[in-house]
file run17.pdb (PDB, C-alpha atoms, pLDDT in the B column)
ATOM      1  CA  PHE A   1       0.000   0.000   0.000  1.00 89.00           C
ATOM      2  CA  CYS A   2       2.798   2.435   0.907  1.00 87.00           C
ATOM      3  CA  LYS A   3       4.667   1.530  -2.274  1.00 89.00           C
ATOM      4  CA  GLU A   4       1.572   2.232  -4.400  1.00 91.00           C
ATOM      5  CA  CYS A   5       1.167   5.616  -2.699  1.00 90.00           C
ATOM      6  CA  LYS A   6       4.824   6.471  -3.300  1.00 89.00           C
ATOM      7  CA  LEU A   7       4.590   5.592  -7.001  1.00 91.00           C
ATOM      8  CA  LEU A   8       1.424   7.656  -7.257  1.00 92.00           C
ATOM      9  CA  ARG A   9       3.174  10.708  -5.837  1.00 90.00           C
ATOM     10  CA  GLN A  10       5.969  10.280  -8.390  1.00 91.00           C
ATOM     11  CA  ARG A  11       3.484  10.109 -11.269  1.00 91.00           C
ATOM     12  CA  TRP A  12       1.325  12.998 -10.074  1.00 90.00           C
ATOM     13  CA  ALA A  13       4.053  15.414  -9.011  1.00 87.00           C
ATOM     14  CA  LEU A  14       3.595  18.776 -10.795  1.00 85.00           C
ATOM     15  CA  SER A  15       0.539  17.462 -12.657  1.00 88.00           C
ATOM     16  CA  LYS A  16      -3.095  18.549 -12.592  1.00 89.00           C
ATOM     17  CA  GLN A  17      -3.818  15.569 -10.310  1.00 89.00           C
ATOM     18  CA  SER A  18      -1.383  16.843  -7.656  1.00 89.00           C
ATOM     19  CA  LYS A  19      -4.264  18.040  -5.450  1.00 91.00           C
ATOM     20  CA  PHE A  20      -5.364  14.403  -5.092  1.00 92.00           C
ATOM     21  CA  MET A  21      -1.885  13.156  -4.104  1.00 92.00           C
ATOM     22  CA  PRO A  22      -1.366  11.144  -0.925  1.00 91.00           C
ATOM     23  CA  PRO A  23       0.733  12.761   1.821  1.00 89.00           C
ATOM     24  CA  SER A  24       4.473  12.128   1.743  1.00 84.00           C
ATOM     25  CA  MET A  25       6.101   9.741   4.209  1.00 77.00           C
ATOM     26  CA  ARG A  26       9.179  10.690   6.192  1.00 74.00           C
ATOM     27  CA  ILE A  27      11.961   8.132   6.500  1.00 71.00           C
ATOM     28  CA  LYS A  28      11.734   8.231  10.291  1.00 71.00           C
ATOM     29  CA  LEU A  29       8.553   7.218  12.139  1.00 69.00           C
ATOM     30  CA  ARG A  30       7.201   5.490   9.040  1.00 69.00           C
ATOM     31  CA  PHE A  31       4.625   3.530  11.036  1.00 72.00           C
ATOM     32  CA  ALA A  32       3.195   6.731  12.511  1.00 71.00           C
ATOM     33  CA  ASN A  33       3.171   8.289   9.028  1.00 78.00           C
ATOM     34  CA  VAL A  34       0.970   5.459   7.752  1.00 85.00           C
ATOM     35  CA  PHE A  35      -1.868   7.002   9.771  1.00 88.00           C
ATOM     36  CA  GLY A  36      -1.907   9.994   7.433  1.00 89.00           C
ATOM     37  CA  LEU A  37      -2.085   7.734   4.380  1.00 91.00           C
ATOM     38  CA  ILE A  38      -5.012   5.817   5.840  1.00 93.00           C
ATOM     39  CA  LEU A  39      -6.940   9.034   6.471  1.00 94.00           C
ATOM     40  CA  TRP A  40      -6.183  10.169   2.906  1.00 95.00           C
ATOM     41  CA  ALA A  41      -7.371   6.832   1.479  1.00 95.00           C
ATOM     42  CA  LYS A  42     -10.552   6.898   3.592  1.00 95.00           C
ATOM     43  CA  ASP A  43     -11.328  10.395   2.376  1.00 95.00           C
ATOM     44  CA  LYS A  44     -10.880   9.416  -1.277  1.00 95.00           C
ATOM     45  CA  LEU A  45     -13.066   6.326  -0.909  1.00 95.00           C
ATOM     46  CA  GLU A  46     -15.830   8.364   0.700  1.00 95.00           C
ATOM     47  CA  LYS A  47     -15.661  10.919  -2.146  1.00 95.00           C
ATOM     48  CA  TRP A  48     -15.197   8.288  -4.862  1.00 95.00           C
ATOM     49  CA  ALA A  49     -18.258   9.293  -6.894  1.00 95.00           C
ATOM     50  CA  THR A  50     -17.031  12.896  -7.135  1.00 94.00           C
ATOM     51  CA  LEU A  51     -13.515  12.043  -8.320  1.00 94.00           C
ATOM     52  CA  PRO A  52     -12.598  12.480 -12.023  1.00 93.00           C
ATOM     53  CA  GLU A  53     -12.551   9.269 -14.039  1.00 93.00           C
ATOM     54  CA  GLU A  54      -8.783   9.404 -14.644  1.00 92.00           C
ATOM     55  CA  VAL A  55      -8.207   9.829 -10.899  1.00 94.00           C
ATOM     56  CA  GLN A  56     -10.473   6.869 -10.122  1.00 95.00           C
ATOM     57  CA  LYS A  57      -8.460   4.754 -12.542  1.00 94.00           C
ATOM     58  CA  GLU A  58      -5.190   5.667 -10.821  1.00 94.00           C
ATOM     59  CA  LEU A  59      -6.729   5.055  -7.399  1.00 95.00           C
ATOM     60  CA  SER A  60      -8.149   1.647  -8.257  1.00 94.00           C
ATOM     61  CA  PHE A  61      -5.713   0.071  -5.773  1.00 94.00           C
ATOM     62  CA  LEU A  62      -7.742   1.736  -2.993  1.00 95.00           C
ATOM     63  CA  GLN A  63     -10.874  -0.134  -4.028  1.00 94.00           C
ATOM     64  CA  ALA A  64      -8.884  -3.369  -4.264  1.00 93.00           C
ATOM     65  CA  ASN A  65      -7.648  -2.870  -0.684  1.00 92.00           C
ATOM     66  CA  LYS A  66     -10.869  -1.450   0.749  1.00 93.00           C
ATOM     67  CA  PHE A  67     -11.259  -4.106   3.473  1.00 92.00           C
ATOM     68  CA  PHE A  68      -7.629  -3.676   4.548  1.00 92.00           C
ATOM     69  CA  LEU A  69      -8.069   0.101   4.735  1.00 93.00           C
ATOM     70  CA  GLU A  70     -11.287  -0.196   6.768  1.00 92.00           C
ATOM     71  CA  GLU A  71      -9.595  -2.609   9.173  1.00 92.00           C
ATOM     72  CA  PHE A  72      -6.509  -0.427   9.550  1.00 91.00           C
ATOM     73  CA  TYR A  73      -8.675   2.678  10.096  1.00 92.00           C
ATOM     74  CA  THR A  74     -10.572   0.868  12.859  1.00 90.00           C
ATOM     75  CA  ILE A  75      -7.344  -0.126  14.605  1.00 91.00           C
ATOM     76  CA  GLN A  76      -5.878   3.332  14.047  1.00 91.00           C
ATOM     77  CA  SER A  77      -8.924   5.097  15.516  1.00 91.00           C
ATOM     78  CA  GLN A  78      -8.987   2.823  18.560  1.00 91.00           C
ATOM     79  CA  SER A  79      -5.232   3.127  19.056  1.00 90.00           C
ATOM     80  CA  LEU A  80      -5.241   6.934  18.985  1.00 90.00           C
ATOM     81  CA  ALA A  81      -8.289   7.115  21.277  1.00 92.00           C
ATOM     82  CA  LEU A  82      -6.843   4.818  23.946  1.00 91.00           C
ATOM     83  CA  GLN A  83      -3.423   6.526  23.706  1.00 88.00           C
ATOM     84  CA  LYS A  84      -5.071   9.875  24.362  1.00 90.00           C
ATOM     85  CA  LEU A  85      -7.036   8.459  27.294  1.00 92.00           C
ATOM     86  CA  LEU A  86      -4.122   6.674  28.966  1.00 90.00           C
ATOM     87  CA  LYS A  87      -1.542   9.384  28.306  1.00 87.00           C
ATOM     88  CA  MET A  88      -3.743  12.199  29.587  1.00 87.00           C
ATOM     89  CA  GLN A  89      -5.485  10.444  32.474  1.00 90.00           C
ATOM     90  CA  GLY A  90      -3.263   7.464  33.269  1.00 90.00           C
ATOM     91  CA  TYR A  91      -4.395   3.937  34.062  1.00 93.00           C
ATOM     92  CA  SER A  92      -7.247   3.374  36.504  1.00 93.00           C
ATOM     93  CA  GLU A  93     -10.032   0.839  36.934  1.00 93.00           C
ATOM     94  CA  GLU A  94     -12.458   3.311  35.353  1.00 94.00           C
ATOM     95  CA  ASN A  95     -10.196   3.883  32.331  1.00 94.00           C
ATOM     96  CA  HIS A  96      -9.678   0.116  32.059  1.00 95.00           C
ATOM     97  CA  LYS A  97     -13.426  -0.234  31.490  1.00 94.00           C
ATOM     98  CA  LYS A  98     -13.443   2.669  29.007  1.00 93.00           C
ATOM     99  CA  VAL A  99     -10.712   1.045  26.895  1.00 93.00           C
ATOM    100  CA  ILE A 100     -12.551  -2.296  26.865  1.00 92.00           C
ATOM    101  CA  GLU A 101     -15.723  -0.503  25.699  1.00 91.00           C
ATOM    102  CA  LEU A 102     -13.695   1.218  22.987  1.00 89.00           C
ATOM    103  CA  LEU A 103     -12.240  -2.089  21.779  1.00 89.00           C
ATOM    104  CA  THR A 104     -15.640  -3.795  21.536  1.00 86.00           C
ATOM    105  CA  LYS A 105     -17.376  -1.142  19.428  1.00 78.00           C
ATOM    106  CA  ASN A 106     -16.714  -2.977  16.145  1.00 65.00           C
ATOM    107  CA  GLU A 107     -17.053  -6.585  17.243  1.00 63.00           C
ATOM    108  CA  GLN A 108     -19.643  -7.165  14.535  1.00 56.00           C
ATOM    109  CA  LYS A 109     -16.896  -6.677  11.928  1.00 72.00           C
ATOM    110  CA  ASP A 110     -14.803  -9.710  11.024  1.00 76.00           C
ATOM    111  CA  TYR A 111     -11.449  -7.993  11.449  1.00 86.00           C
ATOM    112  CA  ALA A 112      -8.731 -10.533  12.243  1.00 89.00           C
ATOM    113  CA  LYS A 113      -5.981  -7.991  12.891  1.00 90.00           C
ATOM    114  CA  GLN A 114      -8.275  -5.860  15.014  1.00 89.00           C
ATOM    115  CA  ALA A 115      -8.990  -8.943  17.140  1.00 89.00           C
ATOM    116  CA  ILE A 116      -5.226  -9.370  17.654  1.00 92.00           C
ATOM    117  CA  PHE A 117      -4.905  -5.681  18.543  1.00 92.00           C
ATOM    118  CA  LYS A 118      -7.704  -6.074  21.073  1.00 91.00           C
ATOM    119  CA  GLN A 119      -6.094  -9.171  22.592  1.00 93.00           C
ATOM    120  CA  LYS A 120      -2.697  -7.468  22.943  1.00 94.00           C
ATOM    121  CA  THR A 121      -4.255  -4.342  24.430  1.00 94.00           C
ATOM    122  CA  GLU A 122      -6.250  -6.338  26.979  1.00 94.00           C
ATOM    123  CA  ALA A 123      -3.060  -8.155  27.994  1.00 95.00           C
ATOM    124  CA  TYR A 124      -1.353  -4.769  28.476  1.00 93.00           C
ATOM    125  CA  LEU A 125      -4.271  -3.558  30.626  1.00 94.00           C
ATOM    126  CA  ASP A 126      -4.072  -6.705  32.759  1.00 94.00           C
ATOM    127  CA  LEU A 127      -0.362  -6.013  33.277  1.00 93.00           C
ATOM    128  CA  LEU A 128      -1.108  -2.448  34.394  1.00 92.00           C
ATOM    129  CA  ALA A 129      -3.808  -3.740  36.747  1.00 93.00           C
ATOM    130  CA  VAL A 130      -1.244  -5.943  38.487  1.00 92.00           C
ATOM    131  CA  LYS A 131       1.316  -3.129  38.704  1.00 90.00           C
ATOM    132  CA  LYS A 132      -1.075  -0.519  40.134  1.00 92.00           C
ATOM    133  CA  PRO A 133      -0.789  -0.338  43.940  1.00 91.00           C
ATOM    134  CA  GLU A 134      -4.106  -0.689  45.774  1.00 90.00           C
ATOM    135  CA  ASN A 135      -3.625   2.632  47.562  1.00 91.00           C
ATOM    136  CA  LEU A 136      -3.356   4.580  44.283  1.00 90.00           C
ATOM    137  CA  ALA A 137      -6.383   5.561  42.217  1.00 92.00           C
ATOM    138  CA  LYS A 138      -4.313   5.610  39.018  1.00 91.00           C
ATOM    139  CA  ILE A 139      -0.779   5.230  37.683  1.00 90.00           C
ATOM    140  CA  HIS A 140       1.088   6.839  34.800  1.00 85.00           C
ATOM    141  CA  CYS A 141       1.636   4.539  31.840  1.00 81.00           C
ATOM    142  CA  SER A 142       3.318   6.796  29.297  1.00 77.00           C
ATOM    143  CA  SER A 143       6.965   7.576  28.590  1.00 76.00           C
ATOM    144  CA  ASP A 144       5.910  11.175  27.852  1.00 75.00           C
ATOM    145  CA  SER A 145       6.235  12.046  31.549  1.00 73.00           C
ATOM    146  CA  ILE A 146       9.842  10.771  31.531  1.00 77.00           C
ATOM    147  CA  GLU A 147      10.682  12.719  28.368  1.00 79.00           C
ATOM    148  CA  SER A 148       9.082  15.835  29.847  1.00 80.00           C
ATOM    149  CA  ALA A 149      11.155  15.483  33.041  1.00 80.00           C
ATOM    150  CA  PHE A 150      14.391  15.226  31.051  1.00 79.00           C
ATOM    151  CA  GLY A 151      13.330  18.261  29.008  1.00 81.00           C
ATOM    152  CA  LYS A 152      12.886  20.308  32.189  1.00 80.00           C
ATOM    153  CA  LEU A 153      16.206  18.991  33.501  1.00 78.00           C
ATOM    154  CA  LYS A 154      18.075  20.120  30.387  1.00 77.00           C
ATOM    155  CA  GLN A 155      16.594  23.616  30.773  1.00 78.00           C
ATOM    156  CA  LYS A 156      18.304  23.850  34.183  1.00 74.00           C
ATOM    157  CA  ILE A 157      21.723  22.879  32.873  1.00 73.00           C
ATOM    158  CA  ASN A 158      24.196  25.693  32.300  1.00 70.00           C
ATOM    159  CA  PRO A 159      25.633  25.094  28.792  1.00 69.00           C
ATOM    160  CA  HIS A 160      28.910  26.734  29.886  1.00 72.00           C
ATOM    161  CA  SER A 161      29.321  24.452  32.905  1.00 68.00           C
ATOM    162  CA  GLN A 162      31.967  21.746  32.660  1.00 64.00           C
ATOM    163  CA  ARG A 163      29.947  19.503  34.956  1.00 61.00           C
ATOM    164  CA  GLN A 164      26.644  20.179  33.187  1.00 60.00           C
ATOM    165  CA  MET A 165      24.203  17.407  34.156  1.00 62.00           C
ATOM    166  CA  THR A 166      26.175  16.102  37.147  1.00 63.00           C
ATOM    167  CA  VAL A 167      24.937  18.758  39.596  1.00 64.00           C
ATOM    168  CA  PHE A 168      21.312  18.701  38.591  1.00 71.00           C
ATOM    169  CA  ILE A 169      20.794  14.962  38.072  1.00 73.00           C
ATOM    170  CA  LEU A 170      19.831  14.714  41.762  1.00 73.00           C
ATOM    171  CA  THR A 171      16.807  16.922  41.085  1.00 75.00           C
ATOM    172  CA  LEU A 172      15.401  14.601  38.413  1.00 76.00           C
ATOM    173  CA  ALA A 173      13.346  12.569  40.882  1.00 73.00           C
ATOM    174  CA  GLY A 174      11.722  15.757  42.152  1.00 74.00           C
ATOM    175  CA  ILE A 175      10.541  17.014  38.763  1.00 76.00           C
ATOM    176  CA  GLY A 176       6.806  16.620  38.429  1.00 70.00           C
ATOM    177  CA  SER A 177       6.417  15.416  42.016  1.00 71.00           C
ATOM    178  CA  ALA A 178       4.464  17.100  44.782  1.00 74.00           C
ATOM    179  CA  TYR A 179       6.405  16.909  48.048  1.00 76.00           C
ATOM    180  CA  SER A 180       4.912  17.785  51.396  1.00 85.00           C
ATOM    181  CA  GLU A 181       6.436  20.348  53.710  1.00 89.00           C
ATOM    182  CA  GLN A 182       7.435  17.528  56.039  1.00 91.00           C
ATOM    183  CA  GLU A 183       9.364  15.686  53.298  1.00 86.00           C
ATOM    184  CA  VAL A 184      11.249  18.848  52.294  1.00 85.00           C
ATOM    185  CA  LYS A 185      12.070  19.571  55.952  1.00 91.00           C
ATOM    186  CA  LYS A 186      13.374  16.013  56.420  1.00 90.00           C
ATOM    187  CA  ALA A 187      15.585  16.265  53.341  1.00 85.00           C
ATOM    188  CA  LEU A 188      17.097  19.574  54.429  1.00 87.00           C
ATOM    189  CA  GLU A 189      17.792  18.244  57.907  1.00 90.00           C
ATOM    190  CA  THR A 190      19.254  14.852  56.977  1.00 91.00           C
ATOM    191  CA  VAL A 191      21.259  15.457  53.782  1.00 85.00           C
ATOM    192  CA  LYS A 192      24.587  17.136  54.452  1.00 86.00           C
ATOM    193  CA  GLU A 193      26.321  19.532  52.089  1.00 83.00           C
ATOM    194  CA  LYS A 194      29.469  17.459  52.500  1.00 84.00           C
ATOM    195  CA  GLU A 195      27.670  14.457  50.999  1.00 82.00           C
ATOM    196  CA  LEU A 196      26.694  16.512  47.958  1.00 75.00           C
ATOM    197  CA  LYS A 197      30.268  17.718  47.478  1.00 77.00           C
ATOM    198  CA  ASN A 198      31.569  14.157  47.720  1.00 79.00           C
ATOM    199  CA  TYR A 199      28.992  13.084  45.123  1.00 73.00           C
ATOM    200  CA  ARG A 200      30.263  15.727  42.724  1.00 67.00           C
ATOM    201  CA  LYS A 201      33.851  14.536  43.177  1.00 71.00           C
ATOM    202  CA  SER A 202      32.994  10.870  42.697  1.00 68.00           C
ATOM    203  CA  PRO A 203      33.790   9.401  39.212  1.00 60.00           C
TER     204      PRO A 203
END

call {"tool": "encode", "arguments": {"input": "run17.pdb", "output": "structure tokens"}}
result
Amino acid sequence: FCKECKLLRQRWALSKQSKFMPPSMRIKLRFANVFGLILWAKDKLEKWATLPEEVQKELSFLQANKFFLEEFYTIQSQSLALQKLLKMQGYSEENHKKVIELLTKNEQKDYAKQAIFKQKTEAYLDLLAVKKPENLAKIHCSSDSIESAFGKLKQKINPHSQRQMTVFILTLAGIGSAYSEQEVKKALETVKEKELKNYRKSP
């Protein structure tokens, strides 16, 4: 499918059909870029009757792969929806139920790959359920929070410092955390400046 889209872009470049061209795919993140192609293909299939005859002829491979495109769009839509839910709100028992409801919306369709996607996702949810402590209402399940913490850490680093990250790496655990006054007081009273200086000198 990607190869057909690439060849189509080569044929339609600088032609009167260029407005119907599929989006280009970057070399990196090619799987994520497929999402844009699927949306383009879905749009063209929905507007098929309005497309010029010569465009329909060139896009005949879309009709031949219609079931594949419908299946991929279903998986894509579910994937993006559950990513948004879990990334923004984290994992909880309530969100577990919401994801299951999302995955069962198209059970009437005979989509083999979607069934695999559902099975894998349910296994991932079961893993999160085991990992979540009973005393917590939810847990984070996205690497975005880690990437965000490192981004904030790099903003603290003095680019002209020879030590750079060494001094501030101890603050990484505190980024994005809410510490009580008692915890801060305990840290100030128990951690000695000498210990910090020795840490800096250590290899």

call {"tool": "resolve_selection", "arguments": {"input": "run17.pdb", "expression": "the PyMOL selection byres ((chain A and resi 88-102) around 12)", "output": "JSON, numbers by chain"}}
result
{"A": [74, 75, 77, 78, 79, 80, 81, 82, 83, 84, 85, 86, 87, 103, 104, 105, 106, 107, 114, 117, 118, 119, 120, 121, 122, 123, 124, 125, 126, 127, 128, 129, 130, 131, 132, 133, 134, 135, 136, 137, 138, 139, 140, 141, 142, 143, 144, 145]}

call {"tool": "atom_distance", "arguments": {"input": "run17.pdb", "atom1": "CA of Lys109 (chain A)", "atom2": "CA of Lys42 (chain A)"}}
result
17.1 Å

call {"tool": "resolve_selection", "arguments": {"input": "run17.pdb", "expression": "the PyMOL selection byres ((chain A and resi 69) around 10)", "output": "mmCIF file with C-alpha atoms, in the frame of the given file"}}
result
data_model
loop_
_atom_site.group_PDB
_atom_site.id
_atom_site.type_symbol
_atom_site.label_atom_id
_atom_site.label_comp_id
_atom_site.auth_asym_id
_atom_site.auth_seq_id
_atom_site.Cartn_x
_atom_site.Cartn_y
_atom_site.Cartn_z
ATOM 1 C CA PHE A 1 0.000 0.000 0.000
ATOM 2 C CA LEU A 37 -2.085 7.734 4.380
ATOM 3 C CA ILE A 38 -5.012 5.817 5.840
ATOM 4 C CA LEU A 39 -6.940 9.034 6.471
ATOM 5 C CA ALA A 41 -7.371 6.832 1.479
ATOM 6 C CA LYS A 42 -10.552 6.898 3.592
ATOM 7 C CA LEU A 45 -13.066 6.326 -0.909
ATOM 8 C CA LEU A 62 -7.742 1.736 -2.993
ATOM 9 C CA GLN A 63 -10.874 -0.134 -4.028
ATOM 10 C CA ALA A 64 -8.884 -3.369 -4.264
ATOM 11 C CA ASN A 65 -7.648 -2.870 -0.684
ATOM 12 C CA LYS A 66 -10.869 -1.450 0.749
ATOM 13 C CA PHE A 67 -11.259 -4.106 3.473
ATOM 14 C CA PHE A 68 -7.629 -3.676 4.548
ATOM 15 C CA GLU A 70 -11.287 -0.196 6.768
ATOM 16 C CA GLU A 71 -9.595 -2.609 9.173
ATOM 17 C CA PHE A 72 -6.509 -0.427 9.550
ATOM 18 C CA TYR A 73 -8.675 2.678 10.096
ATOM 19 C CA THR A 74 -10.572 0.868 12.859
ATOM 20 C CA ILE A 75 -7.344 -0.126 14.605
#

call {"tool": "closest_atom_pairs", "arguments": {"input": "run17.pdb", "of": "region 95-164 of chain A", "to": "region 176-194 of chain A", "cutoff": "10 Å", "atoms": "all atoms listed in the file", "output": "CSV"}}
result
residue,atom,partner,partner_atom,distance
A:Ser145,CA,A:Gly176,CA,8.3
A:Ile146,CA,A:Gly176,CA,9.5
A:Ser148,CA,A:Gly176,CA,8.9
A:Ala149,CA,A:Gly176,CA,7.0
A:Lys152,CA,A:Gly176,CA,9.5

call {"tool": "closest_residue", "arguments": {"input": "run17.pdb", "among": "A:Trp48, A:Leu153, A:Phe61, A:Gln17", "to": "Lys3 (chain A)", "atoms": "all atoms listed in the file"}}
result
A:Phe61

call {"tool": "atom_distance", "arguments": {"input": "run17.pdb", "atom1": "CA of Gln10 (chain A)", "atom2": "CA of Pro23 (chain A)"}}
result
11.7 Å

call {"tool": "atom_distance", "arguments": {"input": "run17.pdb", "atom1": "CA of Pro22 (chain A)", "atom2": "CA of Lys6 (chain A)"}}
result
8.1 Å

call {"tool": "closest_residue", "arguments": {"input": "run17.pdb", "among": "A:Ile175, A:Glu147, A:Leu59, A:Asp110", "to": "Lys47 (chain A)", "atoms": "only C-alpha atoms"}}
result
A:Leu59

call {"tool": "closest_residue", "arguments": {"input": "run17.pdb", "among": "A:Cys2, A:Ile157, A:Leu196, A:Leu170", "to": "Phe35 (chain A)", "atoms": "all atoms listed in the file"}}
result
A:Cys2

call {"tool": "closest_residue", "arguments": {"input": "run17.pdb", "among": "A:Lys28, A:Glu4, A:Gln76, A:Lys16", "to": "Glu54 (chain A)", "atoms": "all atoms listed in the file"}}
result
A:Lys16

call {"tool": "closest_residue", "arguments": {"input": "run17.pdb", "among": "A:Asn198, A:Asn158, A:Ser60, A:Thr171", "to": "Leu8 (chain A)", "atoms": "only C-alpha atoms"}}
result
A:Ser60
